[in-house]
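Source file: run_29.txt; contents: compact mmCIF, C-alpha atoms.
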```
# COMPACT_ATOMS: atom_id res chain seq x y z
CA MET A 111 93.81 64.85 70.73
CA ALA A 112 94.18 68.60 71.19
CA GLU A 113 92.65 70.41 74.12
CA ILE A 114 89.03 71.54 73.86
CA ILE A 115 88.14 75.11 74.81
CA LEU A 116 84.47 75.95 75.33
CA ALA A 117 83.42 79.24 73.73
CA LEU A 118 80.55 80.62 75.78
CA ASP A 119 78.88 83.25 73.61
CA VAL A 120 75.57 82.94 75.43
CA THR A 121 74.12 86.01 77.15
CA ASP A 122 72.67 84.47 80.30
CA ALA A 123 75.02 84.11 83.27
CA GLY A 124 73.16 81.20 84.82
CA LYS A 125 73.12 79.25 81.59
CA ALA A 126 76.81 79.97 81.05
CA VAL A 127 77.81 78.59 84.44
CA GLU A 128 75.48 75.60 84.05
CA ILE A 129 76.96 74.62 80.67
CA ALA A 130 80.52 75.14 81.89
CA LYS A 131 79.96 72.86 84.88
CA ASP A 132 78.25 70.25 82.71
CA VAL A 133 81.20 69.88 80.33
CA SER A 134 84.05 70.81 82.68
CA GLU A 135 85.63 67.36 82.78
CA PHE A 136 86.23 67.45 79.04
CA VAL A 137 87.39 71.04 78.46
CA SER A 138 90.66 72.72 79.41
CA ALA A 139 89.30 76.27 79.53
CA VAL A 140 86.27 78.47 78.96
CA LYS A 141 86.43 81.39 76.54
CA VAL A 142 84.16 84.38 77.16
CA ASN A 143 83.41 87.14 74.70
CA TYR A 144 81.58 90.48 74.80
CA PRO A 145 78.01 89.09 74.51
CA LEU A 146 78.30 87.34 77.86
CA VAL A 147 80.37 89.96 79.67
CA LEU A 148 78.28 92.90 78.49
CA SER A 149 75.05 91.20 79.52
CA ALA A 150 76.18 89.53 82.74
CA GLY A 151 78.95 91.87 83.88
CA ILE A 152 82.67 91.28 84.32
CA GLY A 153 81.91 89.29 87.48
CA ILE A 154 80.97 86.34 85.28
CA VAL A 155 84.69 85.77 84.77
CA GLU A 156 85.12 85.23 88.49
CA LYS A 157 82.20 82.79 88.56
CA LEU A 158 83.48 80.77 85.63
CA ARG A 159 87.09 80.64 86.83
CA ASP A 160 85.85 78.50 89.72
CA VAL A 161 84.80 75.95 87.10
CA ARG A 162 87.65 76.09 84.56
CA PRO A 163 90.37 78.61 83.62
CA VAL A 164 88.94 81.58 81.68
CA ILE A 165 90.22 83.11 78.48
CA ALA A 166 88.93 86.67 78.00
CA ASP A 167 88.31 86.94 74.29
CA PHE A 168 88.06 90.71 74.12
CA LYS A 169 90.07 90.85 70.88
CA ILE A 170 91.86 93.86 72.28
CA ALA A 171 92.67 96.30 69.48
CA ASP A 172 93.12 99.82 70.78
CA ILE A 173 95.99 102.17 71.57
CA PRO A 174 98.50 100.67 74.02
CA TYR A 175 97.23 102.57 77.07
CA THR A 176 93.57 101.69 76.57
CA SER A 177 94.50 98.12 75.68
CA SER A 178 96.49 97.78 78.89
CA LEU A 179 93.46 98.93 80.90
CA ILE A 180 91.23 96.33 79.24
CA ALA A 181 93.81 93.62 79.96
CA GLU A 182 94.14 94.71 83.58
CA ILE A 183 90.38 94.53 84.12
CA ALA A 184 90.27 91.02 82.64
CA PHE A 185 93.20 89.69 84.65
CA SER A 186 92.17 91.37 87.91
CA HIS A 187 88.81 89.58 87.69
CA GLY A 188 90.39 86.18 87.32
CA ALA A 189 91.05 85.65 83.63
CA GLU A 190 94.00 83.38 82.97
CA ALA A 191 94.52 84.70 79.43
CA VAL A 192 93.42 87.44 77.07
CA ILE A 193 93.15 87.60 73.31
CA VAL A 194 94.50 90.59 71.40
CA HIS A 195 94.23 91.50 67.72
CA GLY A 196 97.60 91.31 66.02
CA PHE A 197 96.75 93.95 63.43
CA SER A 198 96.73 96.57 66.18
CA GLY A 199 100.52 96.42 66.11
CA ARG A 200 103.38 95.34 68.31
CA GLU A 201 103.08 98.39 70.61
CA THR A 202 99.59 97.31 71.66
CA VAL A 203 100.57 93.66 71.97
CA LYS A 204 103.58 94.59 74.09
CA ALA A 205 101.42 96.73 76.37
CA VAL A 206 99.05 93.81 76.92
CA LEU A 207 101.97 91.45 77.49
CA ASN A 208 103.38 93.74 80.17
CA VAL A 209 100.08 93.62 82.06
CA ALA A 210 99.88 89.84 81.63
CA LYS A 211 103.32 89.47 83.21
CA GLU A 212 102.16 91.36 86.31
CA PHE A 213 99.35 88.83 86.80
CA GLY A 214 101.16 85.73 85.56
CA GLY A 215 98.69 85.58 82.69
CA GLU A 216 98.90 84.59 79.03
CA VAL A 217 98.39 86.47 75.77
CA TYR A 218 97.09 84.99 72.51
CA VAL A 219 97.23 86.93 69.27
CA VAL A 220 94.58 86.79 66.54
CA THR A 221 96.23 86.23 63.16
CA GLU A 222 93.04 86.30 61.10
CA LEU A 223 89.32 85.77 61.57
CA THR A 224 87.42 82.61 60.72
CA SER A 225 84.74 84.64 58.96
CA SER A 226 86.94 86.35 56.39
CA CYS A 227 90.54 86.59 55.22
CA GLU A 228 89.78 89.54 52.93
CA PHE A 229 92.25 91.92 54.55
CA PHE A 230 94.55 89.32 56.12
CA GLU A 231 96.19 87.74 53.08
CA GLY A 232 99.92 88.00 53.60
CA ILE A 233 99.35 89.78 56.90
CA SER A 234 98.47 86.86 59.17
CA GLU A 235 101.91 85.37 58.64
CA LYS A 236 103.55 88.66 59.69
CA ILE A 237 101.35 88.75 62.76
CA ALA A 238 102.44 85.21 63.66
CA VAL A 239 106.10 86.23 63.35
CA MET A 240 105.46 89.24 65.61
CA ALA A 241 103.74 87.07 68.24
CA LYS A 242 106.74 84.75 68.23
CA GLU A 243 109.25 87.59 68.46
CA LEU A 244 107.44 89.29 71.34
CA GLY A 245 107.17 86.12 73.39
CA CYS A 246 103.41 85.73 73.36
CA HIS A 247 101.98 82.43 74.55
CA GLY A 248 100.19 81.54 71.35
CA ILE A 249 98.09 82.60 68.40
CA ILE A 250 94.51 82.26 67.23
CA ALA A 251 94.32 80.62 63.80
CA PRO A 252 91.24 79.89 61.64
CA GLY A 253 90.03 76.37 62.36
CA ASN A 254 87.98 76.31 59.17
CA ARG A 255 91.14 76.74 57.08
CA PRO A 256 93.47 73.90 58.11
CA GLU A 257 95.99 74.74 55.39
CA LYS A 258 96.47 78.16 57.00
CA VAL A 259 96.74 76.55 60.44
CA ALA A 260 99.59 74.36 59.17
CA LYS A 261 101.41 77.38 57.69
CA LEU A 262 101.06 79.43 60.85
CA LYS A 263 102.13 76.54 63.09
CA ARG A 264 105.35 76.24 61.10
CA ILE A 265 106.01 79.91 61.80
CA VAL A 266 105.30 79.96 65.55
CA GLY A 267 106.82 76.60 66.42
CA ASP A 268 106.33 75.86 70.10
CA LEU A 269 103.77 78.63 70.66
CA LYS A 270 100.27 77.28 71.17
CA VAL A 271 97.86 77.44 68.25
CA LEU A 272 94.21 77.78 69.29
CA CYS A 273 91.63 77.28 66.56
CA PRO A 274 88.02 78.54 66.57
CA GLY A 275 85.61 77.90 63.72
CA ILE A 276 85.02 74.23 64.49
CA GLY A 277 81.55 72.87 63.77
CA VAL A 278 79.03 75.55 62.82
CA GLN A 279 81.60 77.54 60.83
CA GLY A 280 82.69 74.47 58.92
CA GLY A 281 85.93 73.55 60.65
CA ASP A 282 86.71 69.85 61.08
CA ALA A 283 88.30 69.09 64.45
CA LYS A 284 90.35 66.14 63.25
CA ALA A 285 91.71 67.96 60.20
CA VAL A 286 92.69 70.98 62.26
CA VAL A 287 94.48 68.90 64.88
CA GLU A 288 96.38 67.09 62.13
CA ALA A 289 97.34 70.52 60.75
CA GLY A 290 98.97 71.43 64.05
CA ALA A 291 96.33 72.90 66.35
CA ASP A 292 97.12 72.59 70.05
CA ALA A 293 93.51 73.36 71.03
CA ILE A 294 90.18 73.65 69.29
CA ILE A 295 87.64 76.27 70.32
CA VAL A 296 84.04 75.13 70.02
CA GLY A 297 80.96 77.17 70.88
CA ARG A 298 77.54 76.78 69.28
CA SER A 299 78.03 73.12 68.40
CA ILE A 300 78.28 72.52 72.15
CA TYR A 301 76.04 75.01 73.92
CA GLU A 302 73.19 74.79 71.40
CA ALA A 303 73.18 70.98 71.48
CA GLU A 304 70.49 69.02 73.31
CA ASP A 305 73.25 67.24 75.21
CA PRO A 306 76.34 69.50 75.38
CA LYS A 307 78.27 67.03 77.52
CA GLU A 308 77.86 64.25 74.98
CA VAL A 309 79.05 66.50 72.15
CA VAL A 310 82.21 67.42 74.06
CA ARG A 311 82.81 63.81 75.05
CA MET A 312 82.65 62.76 71.42
CA LEU A 313 85.05 65.53 70.41
CA SER A 314 87.48 64.40 73.11
CA GLU A 315 87.61 60.94 71.53
CA LEU A 316 88.55 62.12 68.03
```

Would you give me this structure, written as structure tokens?
Amino acid sequence: MAEIILALDVTDAGKAVEIAKDVSEFVSAVKVNYPLVLSAGIGIVEKLRDVRPVIADFKIADIPYTSSLIAEIAFSHGAEAVIVHGFSGRETVKAVLNVAKEFGGEVYVVTELTSSCEFFEGISEKIAVMAKELGCHGIIAPGNRPEKVAKLKRIVGDLKVLCPGIGVQGGDAKAVVEAGADAIIVGRSIYEAEDPKEVVRMLSEL
């Protein structure tokens, strides 16, 4: 079974830490996004890193200088990895990679979103090639489109493929793992469940 990454898109710091601790034995990392960080402050990363490694899903997509500042803030507060948008170009991705190297951190590149591939057709593959060429640690691929996951995995080879979109967005964990996902990212199906720990335990047995 692939690794399970908990996506914490809640807005309450206490609830976030509580859920993370509850499911920690079954997840390899916790992914935080803007809703939690903007409501609880960047210090939430430091609190969560004491539970499990933190991936800062800021989908960095700005000019290289600004992007490097965002990455530095994330890593200096304890994030183990950051997520950057591939469409922002190799200059931005390289700038983020340079910061990651200073902190011994990792960089994952978004190839396309789970919500829409409207502007990504034919582009996500190029983004995957770029991530491979630059030496990124992995890519983000749409877990609700396993056929695309398989195609992107063939491109990136030994780079990790992390797949959101499992559960609420229609992605099937087993199908995505069979397509080549190294980790599945699951959020609402876990933290909105009556028993989050049981949901994660069941996913771990697939």

Shell around segment 256-270 of chain A at 12 Å using all atoms listed in the file, local window under 2 positions removed, as JSON, numbers by chain:
{"A": [112, 113, 216, 217, 218, 219, 220, 221, 222, 223, 224, 227, 230, 231, 232, 233, 234, 235, 236, 237, 238, 239, 240, 241, 242, 243, 244, 245, 246, 247, 248, 249, 250, 251, 252, 253, 254, 272, 273, 274, 275, 276, 280, 281, 282, 283, 284, 285, 286, 287, 288, 289, 290, 291, 292, 293, 294]}

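The neighbours of Thr121 of chain A here are the residues that come within 7 Å of it, using only C-alpha atoms and leaving out any residue fewer than 6 positions away in the same chain; they are Pro145, Leu146, Ser149 and Ala150 of chain A.
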
Neighbours of Asp167 of chain A within 6 Å (only C-alpha atoms; same-chain residues fewer than 3 positions away dropped), as a list in words?
Val142, Asn143, Val192 and Ile193 of chain A

Only C-alpha atoms, please: the residues just picked out, written as an mmCIF file, in the coordinates of the input.
```
data_model
loop_
_atom_site.group_PDB
_atom_site.id
_atom_site.type_symbol
_atom_site.label_atom_id
_atom_site.label_comp_id
_atom_site.auth_asym_id
_atom_site.auth_seq_id
_atom_site.Cartn_x
_atom_site.Cartn_y
_atom_site.Cartn_z
ATOM 1 C CA VAL A 142 84.160 84.380 77.160
ATOM 2 C CA ASN A 143 83.410 87.140 74.700
ATOM 3 C CA VAL A 192 93.420 87.440 77.070
ATOM 4 C CA ILE A 193 93.150 87.600 73.310
#
```

What is the distance, in Å and to one decimal place, between atom CA of Lys211 of chain A and atom CA of Ile295 of chain A?
24.2 Å

What does the distance between atom CA of Lys157 of chain A and atom CA of Glu212 of chain A come to in Å, to one decimal place?
21.8 Å

Axis-aligned box for all listed atoms of segment 132-140 of chain A, 3 Å per side, centre and edges in Å to one decimal, as lines of an AutoDock Vina configuration file:
```
center_x = 84.5
center_y = 72.9
center_z = 80.6
size_x = 18.4
size_y = 17.1
size_z = 10.3
```

Counting all atoms listed in the file, which residue out of A:Ile154, A:Val161, A:Leu207, A:Leu116 sits closest to Ile180 of chain A?
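Result for the nearest residue to Ile180 of chain A: A:Leu207.
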
If we count all atoms listed in the file and set the cut-off at 10 Å, which residues sit around Gly199 of chain A, ignoring sequence neighbours fewer than 4 positions away in its own chain? Please answer as a PyMOL selection string.
chain A and resi 171-174+194-195+203-204+237+240

Using C-alpha atoms, can you export the residues from the last selection as a PDB file, in the frame of the given file?
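See out.pdb below for the written result:
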```pdb
ATOM      1  CA  ALA A 171      92.670  96.300  69.480  1.00  0.00           C
ATOM      2  CA  ASP A 172      93.120  99.820  70.780  1.00  0.00           C
ATOM      3  CA  ILE A 173      95.990 102.170  71.570  1.00  0.00           C
ATOM      4  CA  PRO A 174      98.500 100.670  74.020  1.00  0.00           C
ATOM      5  CA  VAL A 194      94.500  90.590  71.400  1.00  0.00           C
ATOM      6  CA  HIS A 195      94.230  91.500  67.720  1.00  0.00           C
ATOM      7  CA  VAL A 203     100.570  93.660  71.970  1.00  0.00           C
ATOM      8  CA  LYS A 204     103.580  94.590  74.090  1.00  0.00           C
ATOM      9  CA  ILE A 237     101.350  88.750  62.760  1.00  0.00           C
ATOM     10  CA  MET A 240     105.460  89.240  65.610  1.00  0.00           C
TER      11      MET A 240
END
```

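Restricting the calculation to all atoms listed in the file, the smallest distance between Ser178 of chain A and any of A:Ala117, A:Glu190, A:Asp132, A:Glu201 is found for A:Glu201.
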
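Coordinates place atom CA of Ala184 of chain A at a distance of 18.5 Å from atom CA of Ser198 of chain A.
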
With all atoms listed in the file as the atoms that count, which of A:Val271, A:Ile170, A:Val309, A:Val164 lies nearest to Ala189 of chain A?
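Once distances to Ala189 of chain A are computed over all atoms listed in the file, the minimum belongs to A:Val164.
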
Using all atoms listed in the file, which of A:Leu316, A:Pro163, A:Val296, A:Ala205 sits nearest Asp119 of chain A?
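Of A:Leu316, A:Pro163, A:Val296, A:Ala205, the one nearest Asp119 of chain A, counting all atoms listed in the file, is A:Val296.
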
Is there a way to get, as a PyMOL selection string, all residues within 10 Å of the point (83.2, 83.6, 88.8) in file coordinates, counting only C-alpha atoms?
chain A and resi 123+127+152-162+164+187-189

Using all atoms listed in the file for the distances, tell me which of A:Gln279, A:Thr202, A:Ser177, A:Ser314 is nearest to Ser226 of chain A.
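Among the listed residues, A:Gln279 lies closest to Ser226 of chain A.
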
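Among the candidates A:Asn208, A:Val133, A:Lys141, A:Glu228, the one nearest to Ala191 of chain A when counting only C-alpha atoms is A:Lys141.
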